[in-house]
Every structure is written in C-alpha cells, then in structure tokens.
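Read through the structure below, which is laid out as structure tokens, and then see the notes.
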Amino acid sequence: MTLEVRKFGDPVLKSRTAPVEEFDESLSRLAEDMLKTMRDYEGVGLAANQVGRLKRILVAALEDQEYVIVNPDIQQTSETSEADNEGCLSIPGVNVEIERPTSITVTGYDTSGNPLQIEAEGLLARIIQHEVDHLDGVTILDRTDRESRKAAMRELRERLVARK
Ligand code: ZN
C-alpha cells in the first residue's frame with residue numbers, strides 16, 4: 001500500500017520517533033509499505049514519521065539495493081565531511097546544501113529483529129544520515145545555513161501561494 005507522504009508544516013516531521021519494541025507482522029507491513037511509497041515517489045529514502053508513524057524505522061535505496069533499518073543508531077562518523085545538495089520528499093521543490101561526514105557505521109535491526117551493521121559511504125551514508133535526522137525530528141531546513149534556509153522558506157511560500 002502506498003502511504004501519504006507528510007509535507008513541511010506537519011508537526012509529525014518535528015516529532016522524535018520511538019524505538020521499535022515489537023518485531024511483529026505490523027512492523028513488516030509498515031516496512032513493505034514504506035518501500036513501496038519510496039519507489040512510487042521515486043525517492044532514495046524515507047523515515048516512518050514522513051508517513052505519519054512515530055516509529056524508529058527507515059528505508060533507503062541506492063542503485064539496485066534497498067535497505068530497511070529498524071532502530072538505526074549511527075555508531076561512527078568519519079572525520080572527513082563533504083557538502084552536497086539534498087532534497088526531501090516532505091519538502092518538495094527545495095534543495096539545500098548540507099555538510100555531512102562522508103562515511104558512517106550504522107547499527108540496527110531488520111524487521112525480524114536480527115541485528116545488522118552497515119558501513120556506508122558517499123551517497124548511501126548521506127541518505128542514512130538524512131533519514132536518521134528525520135527520526136529525530138530534524139529536517140534539511142534545520143541542517144543548512146541561515147541564507148539557504150531563508151531562500152528555501154521563500155521558495156516554499158511562493159509554492160503555497162501558487163497553489164491557491
Ligand atoms: Zn527527507
């Protein structure tokens with residue numbers, strides 16, 4: 001089932017998600033629905049609060065590989081970082097430059113409750129950090145500098161006006 005992606009202004013995007021405690025059928029279903037939603041929207045990642053669920057779970061995609069991480073926890077980040085443009089399905093039409101560590105080690109669980117660990121670098125590291133931010137109630141607008149945020153807010157306002 002494709003889920004509705006919540007947009008900028010929805011308080012759920014500012015909410016911290018709660019750790020998953022039950023690895024049950026409804027968790028697997030949520031993961032499947034999030035993967036389907038990500039594909040339908042042609043996104044590269046999605047966090048559960050973006051579809052209105054306050055659970056600590058993310059999905060990500062890079063090339064042919066898809067990832068589901070329950071209770072993701074970034075254990076290590078590289079000292080080297082890199083700035084690049086990021087967009088967000090919840091903030092359509094906005095791209096802002098964000099500096100992030102180039103590689104990370106993330107641990108978590110699959111939907112059956114088996115522990116997993118991923119060493120990610122480059123784009124995958126960036127996607128996972130973006131989604132973990134979401135799970136903590138943080139969006140790209142909170143991560144960028146003041147000037148970029150102002151420009152992004154202007155863009156968002158214009159889009160809102162144009163929609164009326
Ligand atoms: Zn996002």
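Labels for the structure tokens follow display order: chains A, B, ..., residues from 1 in each chain, ligands from 1.
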
Give me, as a PyMOL selection string, the set of residues whose atoms come within 9 Å of any atom of ligand 1, counting only C-alpha atoms and all ligand atoms. chain A and resi 45-47+50+86-91+127+130-131+133-134+139-140

Go ahead and write the residues just picked, N, CA and C atoms, as an mmCIF file, in the first residue's frame.
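Once written, again_5.cif looks like this:
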```cif
data_model
loop_
_atom_site.group_PDB
_atom_site.id
_atom_site.type_symbol
_atom_site.label_atom_id
_atom_site.label_comp_id
_atom_site.auth_asym_id
_atom_site.auth_seq_id
_atom_site.Cartn_x
_atom_site.Cartn_y
_atom_site.Cartn_z
ATOM 1 N N GLY A 45 15.035 7.525 -0.024
ATOM 2 C CA GLY A 45 14.946 7.195 1.386
ATOM 3 C C GLY A 45 13.647 7.716 1.967
ATOM 4 N N LEU A 46 13.252 7.125 3.092
ATOM 5 C CA LEU A 46 12.012 7.537 3.745
ATOM 6 C C LEU A 46 12.082 7.139 5.217
ATOM 7 N N ALA A 47 11.633 8.041 6.080
ATOM 8 C CA ALA A 47 11.582 7.757 7.513
ATOM 9 C C ALA A 47 10.120 7.618 7.918
ATOM 10 N N GLN A 50 7.660 10.425 8.231
ATOM 11 C CA GLN A 50 7.230 11.055 6.977
ATOM 12 C C GLN A 50 5.928 10.448 6.459
ATOM 13 N N GLU A 86 20.823 18.425 -1.071
ATOM 14 C CA GLU A 86 19.837 17.426 -0.673
ATOM 15 C C GLU A 86 18.434 17.971 -0.879
ATOM 16 N N GLY A 87 17.565 17.088 -1.317
ATOM 17 C CA GLY A 87 16.145 17.393 -1.382
ATOM 18 C C GLY A 87 15.437 16.473 -0.409
ATOM 19 N N CYS A 88 14.115 16.621 -0.326
ATOM 20 C CA CYS A 88 13.350 15.828 0.626
ATOM 21 C C CYS A 88 11.927 15.670 0.106
ATOM 22 N N LEU A 89 11.399 14.445 0.164
ATOM 23 C CA LEU A 89 10.033 14.213 -0.325
ATOM 24 C C LEU A 89 9.008 15.031 0.460
ATOM 25 N N SER A 90 9.358 15.391 1.700
ATOM 26 C CA SER A 90 8.424 16.162 2.527
ATOM 27 C C SER A 90 8.533 17.666 2.282
ATOM 28 N N ILE A 91 9.566 18.067 1.551
ATOM 29 C CA ILE A 91 9.767 19.489 1.288
ATOM 30 C C ILE A 91 9.997 19.659 -0.213
ATOM 31 N N ILE A 127 22.247 9.502 2.630
ATOM 32 C CA ILE A 127 20.816 9.155 2.713
ATOM 33 C C ILE A 127 20.475 8.691 4.139
ATOM 34 N N HIS A 130 20.394 11.529 6.569
ATOM 35 C CA HIS A 130 19.191 12.337 6.319
ATOM 36 C C HIS A 130 17.970 11.692 6.983
ATOM 37 N N GLU A 131 17.842 10.364 6.827
ATOM 38 C CA GLU A 131 16.671 9.665 7.380
ATOM 39 C C GLU A 131 16.742 9.555 8.902
ATOM 40 N N ASP A 133 18.125 11.713 10.804
ATOM 41 C CA ASP A 133 17.714 13.062 11.228
ATOM 42 C C ASP A 133 16.184 13.148 11.328
ATOM 43 N N HIS A 134 15.491 12.677 10.285
ATOM 44 C CA HIS A 134 14.015 12.694 10.301
ATOM 45 C C HIS A 134 13.476 12.011 11.558
ATOM 46 N N THR A 139 14.926 18.166 10.050
ATOM 47 C CA THR A 139 14.839 18.172 8.582
ATOM 48 C C THR A 139 16.024 18.938 7.983
ATOM 49 N N ILE A 140 16.126 18.884 6.659
ATOM 50 C CA ILE A 140 17.231 19.564 5.967
ATOM 51 C C ILE A 140 17.221 21.068 6.241
#
```

List every residue of chain A that DSSP, applied to the backbone of this structure, assigns to strand (DSSP E or B), and report them as a CSV table (one decimal) with N, CA, C and O atoms, in the first residue's frame.
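So the final result, stored in states.csv, reads:
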```csv
chain,number,residue,atom,x,y,z
A,18,ALA,N,9.7,6.9,18.4
A,18,ALA,CA,10.0,6.0,19.5
A,18,ALA,C,10.6,4.7,19.0
A,18,ALA,O,10.3,4.2,17.9
A,45,GLY,N,15.0,7.5,0.0
A,45,GLY,CA,14.9,7.2,1.4
A,45,GLY,C,13.6,7.7,2.0
A,45,GLY,O,13.0,8.6,1.4
A,46,LEU,N,13.3,7.1,3.1
A,46,LEU,CA,12.0,7.5,3.7
A,46,LEU,C,12.1,7.1,5.2
A,46,LEU,O,12.5,6.0,5.5
A,47,ALA,N,11.6,8.0,6.1
A,47,ALA,CA,11.6,7.8,7.5
A,47,ALA,C,10.1,7.6,7.9
A,47,ALA,O,9.2,8.2,7.3
A,55,LYS,N,7.6,5.7,14.6
A,55,LYS,CA,8.4,4.6,14.9
A,55,LYS,C,9.8,4.7,14.3
A,55,LYS,O,9.9,5.3,13.2
A,57,ILE,N,12.1,3.7,12.3
A,57,ILE,CA,12.4,2.8,11.1
A,57,ILE,C,12.6,3.6,9.9
A,57,ILE,O,11.9,4.6,9.7
A,58,LEU,N,13.6,3.3,9.1
A,58,LEU,CA,13.9,4.0,7.9
A,58,LEU,C,14.1,3.0,6.7
A,58,LEU,O,14.4,1.8,6.9
A,59,VAL,N,13.8,3.5,5.5
A,59,VAL,CA,14.2,2.7,4.3
A,59,VAL,C,15.0,3.6,3.4
A,59,VAL,O,15.0,4.8,3.5
A,60,ALA,N,15.9,2.9,2.6
A,60,ALA,CA,16.8,3.7,1.8
A,60,ALA,C,17.0,2.8,0.5
A,60,ALA,O,16.8,1.6,0.5
A,61,ALA,N,17.4,3.5,-0.6
A,61,ALA,CA,17.6,2.8,-1.8
A,61,ALA,C,18.8,3.4,-2.5
A,61,ALA,O,19.0,4.7,-2.5
A,62,LEU,N,19.7,2.6,-3.0
A,62,LEU,CA,20.8,3.1,-3.9
A,62,LEU,C,21.1,2.1,-4.9
A,62,LEU,O,21.3,0.9,-4.6
A,65,GLN,N,19.9,-1.7,-4.8
A,65,GLN,CA,19.9,-2.3,-3.4
A,65,GLN,C,18.9,-1.4,-2.6
A,65,GLN,O,18.9,-0.2,-2.6
A,66,GLU,N,18.1,-2.1,-1.8
A,66,GLU,CA,17.2,-1.5,-0.9
A,66,GLU,C,17.5,-1.9,0.5
A,66,GLU,O,17.9,-3.0,0.8
A,67,TYR,N,17.3,-0.9,1.5
A,67,TYR,CA,17.7,-1.2,2.9
A,67,TYR,C,16.5,-0.8,3.8
A,67,TYR,O,15.8,0.1,3.5
A,68,VAL,N,16.3,-1.7,4.8
A,68,VAL,CA,15.4,-1.4,5.8
A,68,VAL,C,16.1,-1.4,7.1
A,68,VAL,O,16.8,-2.4,7.4
A,69,ILE,N,16.1,-0.4,7.9
A,69,ILE,CA,16.8,-0.4,9.2
A,69,ILE,C,15.9,0.0,10.3
A,69,ILE,O,15.3,1.1,10.3
A,70,VAL,N,15.7,-0.9,11.2
A,70,VAL,CA,14.8,-0.6,12.4
A,70,VAL,C,15.8,-0.2,13.6
A,70,VAL,O,16.8,-0.8,13.7
A,71,ASN,N,15.3,0.8,14.3
A,71,ASN,CA,16.1,1.4,15.4
A,71,ASN,C,17.6,1.7,15.0
A,71,ASN,O,18.5,1.3,15.6
A,72,PRO,N,17.7,2.4,13.9
A,72,PRO,CA,19.1,2.8,13.4
A,72,PRO,C,19.8,3.6,14.4
A,72,PRO,O,19.2,4.5,15.1
A,73,ASP,N,21.1,3.4,14.6
A,73,ASP,CA,21.9,4.1,15.5
A,73,ASP,C,23.3,4.3,14.8
A,73,ASP,O,24.0,3.4,14.5
A,74,ILE,N,23.6,5.6,14.6
A,74,ILE,CA,24.9,5.9,13.9
A,74,ILE,C,26.0,5.8,15.0
A,74,ILE,O,26.0,6.6,15.9
A,75,GLN,N,26.8,4.8,14.8
A,75,GLN,CA,27.9,4.5,15.8
A,75,GLN,C,29.1,5.3,15.6
A,75,GLN,O,29.8,5.7,16.6
A,76,GLN,N,29.5,5.5,14.3
A,76,GLN,CA,30.7,6.2,14.0
A,76,GLN,C,30.5,7.0,12.8
A,76,GLN,O,29.8,6.6,11.9
A,77,THR,N,31.2,8.2,12.8
A,77,THR,CA,31.2,9.0,11.6
A,77,THR,C,32.6,9.4,11.3
A,77,THR,O,33.5,9.5,12.2
A,81,SER,N,34.3,15.3,5.9
A,81,SER,CA,32.9,15.6,5.5
A,81,SER,C,32.9,16.2,4.2
A,81,SER,O,33.9,16.7,3.6
A,82,GLU,N,31.7,16.3,3.6
A,82,GLU,CA,31.5,16.8,2.3
A,82,GLU,C,30.2,17.5,2.2
A,82,GLU,O,29.2,17.1,2.8
A,83,ALA,N,30.1,18.6,1.5
A,83,ALA,CA,28.9,19.3,1.3
A,83,ALA,C,28.3,18.9,0.0
A,83,ALA,O,29.0,18.8,-1.0
A,84,ASP,N,26.9,18.7,0.0
A,84,ASP,CA,26.3,18.4,-1.3
A,84,ASP,C,24.8,18.8,-1.1
A,84,ASP,O,24.3,19.0,0.0
A,85,ASN,N,24.1,18.9,-2.3
A,85,ASN,CA,22.7,19.3,-2.3
A,85,ASN,C,21.8,18.1,-1.9
A,85,ASN,O,22.0,17.0,-2.3
A,86,GLU,N,20.8,18.4,-1.1
A,86,GLU,CA,19.8,17.4,-0.7
A,86,GLU,C,18.4,18.0,-0.9
A,86,GLU,O,18.2,19.1,-0.6
A,96,VAL,N,18.9,22.1,-0.7
A,96,VAL,CA,19.8,22.9,0.1
A,96,VAL,C,21.1,22.1,0.3
A,96,VAL,O,21.1,20.9,0.3
A,97,GLU,N,22.2,22.9,0.4
A,97,GLU,CA,23.5,22.3,0.6
A,97,GLU,C,23.7,21.9,2.1
A,97,GLU,O,23.5,22.8,3.0
A,98,ILE,N,24.1,20.7,2.3
A,98,ILE,CA,24.4,20.3,3.7
A,98,ILE,C,25.7,19.5,3.8
A,98,ILE,O,26.0,18.7,2.9
A,99,GLU,N,26.5,19.9,4.8
A,99,GLU,CA,27.7,19.2,5.0
A,99,GLU,C,27.5,18.0,6.0
A,99,GLU,O,26.9,18.2,7.0
A,100,ARG,N,28.0,16.9,5.6
A,100,ARG,CA,27.9,15.7,6.4
A,100,ARG,C,29.1,14.8,6.3
A,100,ARG,O,29.8,14.9,5.3
A,101,PRO,N,29.4,14.0,7.3
A,101,PRO,CA,30.5,13.1,7.3
A,101,PRO,C,30.3,12.2,6.0
A,101,PRO,O,29.2,11.8,5.7
A,103,SER,N,31.5,9.1,5.6
A,103,SER,CA,31.2,7.7,5.8
A,103,SER,C,30.8,7.5,7.3
A,103,SER,O,31.2,8.2,8.1
A,104,ILE,N,30.0,6.4,7.4
A,104,ILE,CA,29.4,6.2,8.8
A,104,ILE,C,29.3,4.7,9.0
A,104,ILE,O,29.3,3.9,8.0
A,105,THR,N,29.2,4.3,10.2
A,105,THR,CA,28.8,2.9,10.6
A,105,THR,C,27.5,3.0,11.3
A,105,THR,O,27.4,3.8,12.3
A,106,VAL,N,26.5,2.3,10.8
A,106,VAL,CA,25.2,2.3,11.5
A,106,VAL,C,24.8,0.9,11.9
A,106,VAL,O,25.0,0.0,11.1
A,107,THR,N,24.2,0.8,13.1
A,107,THR,CA,23.7,-0.5,13.5
A,107,THR,C,22.2,-0.4,13.7
A,107,THR,O,21.6,0.7,13.7
A,108,GLY,N,21.6,-1.5,13.7
A,108,GLY,CA,20.1,-1.5,13.9
A,108,GLY,C,19.6,-3.0,13.8
A,108,GLY,O,20.4,-3.9,14.1
A,109,TYR,N,18.4,-3.2,13.3
A,109,TYR,CA,17.8,-4.5,13.2
A,109,TYR,C,17.1,-4.6,11.9
A,109,TYR,O,16.6,-3.6,11.4
A,115,PRO,N,20.0,-8.4,14.4
A,115,PRO,CA,20.9,-7.2,14.4
A,115,PRO,C,21.6,-7.1,13.1
A,115,PRO,O,21.9,-8.1,12.4
A,116,LEU,N,21.8,-5.8,12.6
A,116,LEU,CA,22.6,-5.6,11.4
A,116,LEU,C,23.5,-4.4,11.6
A,116,LEU,O,23.3,-3.6,12.5
A,117,GLN,N,24.6,-4.4,10.8
A,117,GLN,CA,25.5,-3.3,10.8
A,117,GLN,C,25.9,-3.0,9.4
A,117,GLN,O,26.2,-3.9,8.6
A,118,ILE,N,25.9,-1.7,9.0
A,118,ILE,CA,26.2,-1.3,7.7
A,118,ILE,C,27.3,-0.2,7.7
A,118,ILE,O,27.2,0.7,8.5
A,119,GLU,N,28.3,-0.5,6.9
A,119,GLU,CA,29.3,0.5,6.7
A,119,GLU,C,28.9,1.2,5.4
A,119,GLU,O,28.9,0.6,4.4
A,120,ALA,N,28.6,2.5,5.5
A,120,ALA,CA,28.1,3.2,4.4
A,120,ALA,C,29.0,4.4,4.1
A,120,ALA,O,29.6,5.0,5.0
A,121,GLU,N,29.2,4.7,2.8
A,121,GLU,CA,30.0,5.9,2.4
A,121,GLU,C,29.3,6.6,1.2
A,121,GLU,O,28.4,6.0,0.6
```

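Of the listed residues A:Gly43, A:Gly137, A:Gly52, A:Gly113, the one whose atoms come nearest to Leu30 of chain A is A:Gly52, with distances taken using only C-alpha atoms.
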
Nearest to Pro92 of chain A among A:Met1, A:Ala31, A:Ala152, A:Ala162, with distances taken over only C-alpha atoms: which residue is it? A:Ala152

Neighbour list for Val51 of chain A as a CSV table (one decimal) with all heavy atoms, in the first residue's frame, cut-off 7 Å, only C-alpha atoms, skip fewer than 5 positions in-chain:
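Heads up, here's the output in selection36.csv:
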```csv
chain,number,residue,atom,x,y,z
A,3,LEU,N,1.6,4.9,1.0
A,3,LEU,CA,1.2,5.8,2.1
A,3,LEU,C,1.3,7.2,1.7
A,3,LEU,O,2.1,7.6,0.8
A,3,LEU,CB,2.1,5.5,3.3
A,3,LEU,CG,2.1,4.0,3.7
A,3,LEU,CD1,3.2,3.8,4.8
A,3,LEU,CD2,0.8,3.6,4.3
A,4,GLU,N,0.6,8.1,2.4
A,4,GLU,CA,0.7,9.5,2.1
A,4,GLU,C,2.0,10.1,2.7
A,4,GLU,O,2.2,9.8,3.9
A,4,GLU,CB,-0.5,10.2,2.7
A,4,GLU,CG,-0.6,11.7,2.4
A,4,GLU,CD,-1.4,12.5,3.4
A,4,GLU,OE1,-2.2,11.9,4.2
A,4,GLU,OE2,-1.3,13.7,3.4
A,5,VAL,N,2.7,10.8,2.0
A,5,VAL,CA,3.9,11.5,2.5
A,5,VAL,C,3.6,12.8,3.1
A,5,VAL,O,3.0,13.7,2.4
A,5,VAL,CB,5.0,11.6,1.4
A,5,VAL,CG1,6.2,12.4,1.9
A,5,VAL,CG2,5.5,10.2,0.9
A,6,ARG,N,3.9,13.0,4.4
A,6,ARG,CA,3.5,14.2,5.1
A,6,ARG,C,4.5,15.3,4.6
A,6,ARG,O,5.7,15.1,4.4
A,6,ARG,CB,3.7,14.0,6.6
A,6,ARG,CG,2.8,12.9,7.1
A,6,ARG,CD,1.3,13.2,6.9
A,6,ARG,NE,0.5,12.1,7.5
A,6,ARG,CZ,0.1,12.1,8.7
A,6,ARG,NH1,0.4,13.0,9.6
A,6,ARG,NH2,-0.6,11.1,9.2
```

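Take atom CA of Thr102 of chain A and atom CA of Asp142 of chain A: the distance between them is 19.2 Å.
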
If I take atom CA of Asn49 of chain A and atom CA of Asp110 of chain A, how far is one from the other in Å, to one decimal?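 Those two atoms sit 18.0 Å apart.
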
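Going from atom CA of Thr2 of chain A over to atom CA of Asp40 of chain A, you cover 7.4 Å.
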